[in-house]
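Written below as structure tokens is the structure these notes are about.
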Amino acid sequence: MRLLHVAFLFALGGMMPVFAQSAAAPPPQVAELPAVVVSGVQPGPGLWKVSKGDHVLWVLGTQSPLPRAMQWQSREVEEAIAASQQVLLEPSVQLKADVGFLGKLFLLPSAYSARKNADGETLQQVLPPPVYARWQVLKQKYLGDDRGIERWRPLFASQELYRKALKANGLSRSGGIKANIDALAKRHGVPELPTDYPVLIEHPRAAIKAFKQAAPHDVTCFIRTLDSVQHDLPAMTARANAWATGDLQALRELPDSDRRDACVAAITGAGFAQALGLDDVPAKQRATWLAAARKALAGNAQTFALLPMDELLKPDGYLAALQAEGYQVDAPE
């Protein structure tokens, strides 16, 4: 539902669909890393293999951001999809509202107003002076003289800054990976299966009102985004390059920004989110994807799936859960 994308999901722009669960950490100091973005045809990482008996699940780890000028072309992925009976899409949250078409139209203005500060306040009025001074420098660099954004809530303003900073540095939030997977599945006639965790908003007007009044921890997200734009871009570029060239060792060693975690916490930690059942989304997303993976492994000779790279690399990720249940898990060489 578009109005809920505006009011809620837009606030999480630039983040991976899976909600991460990790503690905040100080911004990594990685200014010495080169910030040259790879381009041209790139193979991407190898595939993880999950198996039980003669049933196999091939998993591609996704990454954000990725090089904007990259042309991703993986023969291994195409061959895996072509031989599969199903493609499991990346886990995400699907917000649904219990309203009809007219209800959506009437709620749309309210959804847009949710991204503005209360009582017409500006960022200068709601942010600590040192934070606002940092914002002014980065805003001028990446957003120019945009005056309208000065009345946006810090949560939303920071995501627009992040989006423009990625673009200016030759990066893309998605790299077109999902679109390529969709095209390959269509070309080979393989059905795609969403693994969304659905959240039904029974009273969307009240939800938007609660969002506007709950005062999520916008400033925490805002500061962490400033840190990312100011300090983390070299590391983000290096991780993007590592994904493109299939360098898993570099992905394991390079620090990842915790900007996403801070901003997700600004939403899921608010009182309104807990009332809507959004506070325990990570565990429910995990359970939804794992159930789909088990079913696919039982019913299909071969399945292809997408998961965030972080979930593949951390010791307690999704595949680690399958391994603990007795499935064979092999990382790419």
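Chain labels A, B, ... are given in the sequence in which chains occur in the structure tokens; within each chain residues are numbered consecutively from 1, and ligands are likewise numbered from 1 in the order shown.
Taking only C-alpha atoms, the non-local environment of region 70-74 of chain A within 8 Å (same-chain residues fewer than 3 positions away omitted) comprises Val38, Ser39, Gly40, Val41, Gln42, Pro43, Gly44, Leu66, Pro67, Val77, Glu78, Gly175, Ile177 and Ala244 of chain A.
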Writer output for current selection, all heavy atoms, as a tab-separated table (two decimals), in the first residue's frame:
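Full text of part16.tsv as output:
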chain	number	residue	atom	x	y	z
A	38	VAL	N	34.45	0.06	-8.94
A	38	VAL	CA	34.65	-0.77	-10.12
A	38	VAL	C	33.50	-0.57	-11.09
A	38	VAL	O	32.40	-0.16	-10.72
A	38	VAL	CB	34.76	-2.27	-9.75
A	38	VAL	CG1	35.91	-2.51	-8.79
A	38	VAL	CG2	33.44	-2.77	-9.15
A	39	SER	N	33.74	-0.89	-12.35
A	39	SER	CA	32.71	-0.75	-13.38
A	39	SER	C	32.84	-1.90	-14.37
A	39	SER	O	33.71	-2.77	-14.22
A	39	SER	CB	32.84	0.60	-14.10
A	39	SER	OG	34.13	0.70	-14.72
A	40	GLY	N	31.98	-1.91	-15.37
A	40	GLY	CA	32.04	-2.95	-16.38
A	40	GLY	C	31.40	-4.24	-15.89
A	40	GLY	O	30.74	-4.29	-14.85
A	41	VAL	N	31.60	-5.31	-16.65
A	41	VAL	CA	30.99	-6.61	-16.34
A	41	VAL	C	31.71	-7.23	-15.14
A	41	VAL	O	32.93	-7.34	-15.14
A	41	VAL	CB	31.06	-7.55	-17.55
A	41	VAL	CG1	30.50	-8.93	-17.19
A	41	VAL	CG2	30.31	-6.95	-18.73
A	42	GLN	N	30.93	-7.62	-14.12
A	42	GLN	CA	31.48	-8.21	-12.91
A	42	GLN	C	30.70	-9.48	-12.56
A	42	GLN	O	29.49	-9.54	-12.76
A	42	GLN	CB	31.42	-7.23	-11.75
A	42	GLN	CG	32.18	-5.93	-11.97
A	42	GLN	CD	33.69	-6.14	-12.05
A	42	GLN	OE1	34.21	-7.15	-11.55
A	42	GLN	NE2	34.39	-5.21	-12.69
A	43	PRO	N	31.36	-10.49	-11.99
A	43	PRO	CA	30.69	-11.77	-11.74
A	43	PRO	C	29.91	-11.83	-10.44
A	43	PRO	O	29.03	-12.68	-10.29
A	43	PRO	CB	31.86	-12.75	-11.69
A	43	PRO	CG	32.99	-11.93	-11.15
A	43	PRO	CD	32.81	-10.55	-11.72
A	44	GLY	N	30.25	-10.97	-9.47
A	44	GLY	CA	29.61	-11.08	-8.17
A	44	GLY	C	30.14	-12.27	-7.40
A	44	GLY	O	31.02	-13.00	-7.87
A	66	LEU	N	25.96	-1.03	-4.01
A	66	LEU	CA	26.78	-1.69	-5.02
A	66	LEU	C	27.24	-0.66	-6.04
A	66	LEU	O	26.68	0.44	-6.13
A	66	LEU	CB	25.96	-2.79	-5.72
A	66	LEU	CG	25.68	-4.05	-4.90
A	66	LEU	CD1	24.74	-4.98	-5.67
A	66	LEU	CD2	26.96	-4.78	-4.53
A	67	PRO	N	28.26	-0.98	-6.83
A	67	PRO	CA	28.73	-0.04	-7.85
A	67	PRO	C	27.64	0.28	-8.86
A	67	PRO	O	27.01	-0.62	-9.42
A	67	PRO	CB	29.89	-0.79	-8.51
A	67	PRO	CG	30.37	-1.76	-7.47
A	67	PRO	CD	29.13	-2.18	-6.75
A	77	VAL	N	24.93	-18.11	-11.59
A	77	VAL	CA	23.58	-17.79	-11.14
A	77	VAL	C	22.55	-18.19	-12.19
A	77	VAL	O	21.51	-18.80	-11.87
A	77	VAL	CB	23.46	-16.29	-10.80
A	77	VAL	CG1	21.99	-15.89	-10.63
A	77	VAL	CG2	24.24	-15.98	-9.53
A	78	GLU	N	22.82	-17.86	-13.46
A	78	GLU	CA	21.86	-18.20	-14.51
A	78	GLU	C	21.67	-19.71	-14.61
A	78	GLU	O	20.54	-20.20	-14.74
A	78	GLU	CB	22.28	-17.63	-15.85
A	78	GLU	CG	21.29	-17.99	-16.97
A	78	GLU	CD	21.41	-17.12	-18.20
A	78	GLU	OE1	22.40	-16.37	-18.30
A	78	GLU	OE2	20.50	-17.18	-19.05
A	175	GLY	N	21.99	-1.97	-7.21
A	175	GLY	CA	22.82	-2.48	-8.29
A	175	GLY	C	22.05	-3.22	-9.36
A	175	GLY	O	22.64	-3.85	-10.24
A	177	ILE	N	20.34	-5.88	-9.01
A	177	ILE	CA	20.44	-7.34	-8.84
A	177	ILE	C	19.05	-7.98	-8.87
A	177	ILE	O	18.83	-8.99	-9.57
A	177	ILE	CB	21.16	-7.69	-7.53
A	177	ILE	CG1	22.55	-7.04	-7.50
A	177	ILE	CG2	21.25	-9.20	-7.36
A	177	ILE	CD1	23.41	-7.39	-8.69
A	244	ALA	N	31.17	-7.10	-6.00
A	244	ALA	CA	31.18	-7.16	-7.46
A	244	ALA	C	32.24	-8.13	-7.99
A	244	ALA	O	32.00	-8.85	-8.96
A	244	ALA	CB	31.42	-5.77	-8.03
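In this model, the gap between CA of Lys141 (chain A) and CA of Trp243 (chain A) comes to 27.4 Å.
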Give me the residues within 12 Å of Leu127 (chain A) as number ranges by chain, counting only C-alpha atoms and dropping any in the same chain fewer than 3 places off.
-> A: 117, 121-124, 130-136, 150-155, 157, 217-223
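If you measure from each of A:Ala293, A:Leu184, A:Val59, A:Leu161 to Gln140 (chain A) using only C-alpha atoms, the closest one turns out to be A:Leu161.
Among A:Gly61, A:Ala283, A:Ile149, A:Ala238, the residue with the shortest atom-to-atom distance to Lys314 (chain A), counting only C-alpha atoms, is A:Gly61.
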Give me, please, the distance in Å between CA of Val229 (chain A) and CA of Leu138 (chain A), quoted to one decimal.
-> 8.0 Å
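The residue that comes closest to Tyr162 (chain A), out of A:Pro65, A:Pro255, A:Gly176, A:Pro198 and on the basis of only C-alpha atoms, is A:Pro65.
Across the model, the gap from CA of Arg252 (chain A) to CA of Ser51 (chain A) is 23.4 Å.
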What lies within 9 Å of Thr225 (chain A) using only C-alpha atoms, ignoring chain neighbours under 6 positions off, as a ChimeraX atom specification?
-> /A:158-159,161-162,259-260,262-263
Output file for the selection above: N, CA, C and O atoms, as a short mmCIF file (atom, residue, chain, number, x, y, z; two decimals), in the first residue's frame:
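This went into out_17.cif:
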data_model
loop_
_atom_site.label_atom_id
_atom_site.label_comp_id
_atom_site.auth_asym_id
_atom_site.auth_seq_id
_atom_site.Cartn_x
_atom_site.Cartn_y
_atom_site.Cartn_z
N SER A 158 17.64 12.51 6.63
CA SER A 158 18.90 11.76 6.59
C SER A 158 18.89 10.71 5.48
O SER A 158 19.93 10.46 4.85
N GLN A 159 17.72 10.11 5.21
CA GLN A 159 17.67 9.09 4.16
C GLN A 159 17.84 9.73 2.77
O GLN A 159 18.43 9.13 1.87
N LEU A 161 19.62 12.44 2.19
CA LEU A 161 21.04 12.75 2.11
C LEU A 161 21.84 11.50 1.75
O LEU A 161 22.72 11.54 0.88
N TYR A 162 21.51 10.39 2.37
CA TYR A 162 22.21 9.13 2.11
C TYR A 162 22.04 8.71 0.65
O TYR A 162 23.01 8.31 -0.01
N ARG A 259 24.56 2.19 10.33
CA ARG A 259 23.54 3.21 10.08
C ARG A 259 22.15 2.60 9.98
O ARG A 259 21.19 3.10 10.54
N ARG A 260 22.06 1.48 9.25
CA ARG A 260 20.77 0.83 9.05
C ARG A 260 20.15 0.42 10.38
O ARG A 260 18.97 0.64 10.63
N ALA A 262 20.63 1.69 13.37
CA ALA A 262 20.18 2.83 14.14
C ALA A 262 18.86 3.38 13.61
O ALA A 262 17.98 3.78 14.38
N CYS A 263 18.71 3.37 12.29
CA CYS A 263 17.49 3.92 11.70
C CYS A 263 16.31 2.96 11.83
O CYS A 263 15.18 3.38 12.02
#
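Remark: for Pro234 (chain A), the closest of the candidate residues A:Val36, A:Ala324, A:Leu143, A:Leu248 is A:Val36 (distances computed over only C-alpha atoms).
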Choose the residue, out of A:Leu290, A:Leu47, A:Leu297, A:Ala331, that has the smallest atom-to-atom separation from Tyr318 (chain A); count only C-alpha atoms.
-> A:Leu290
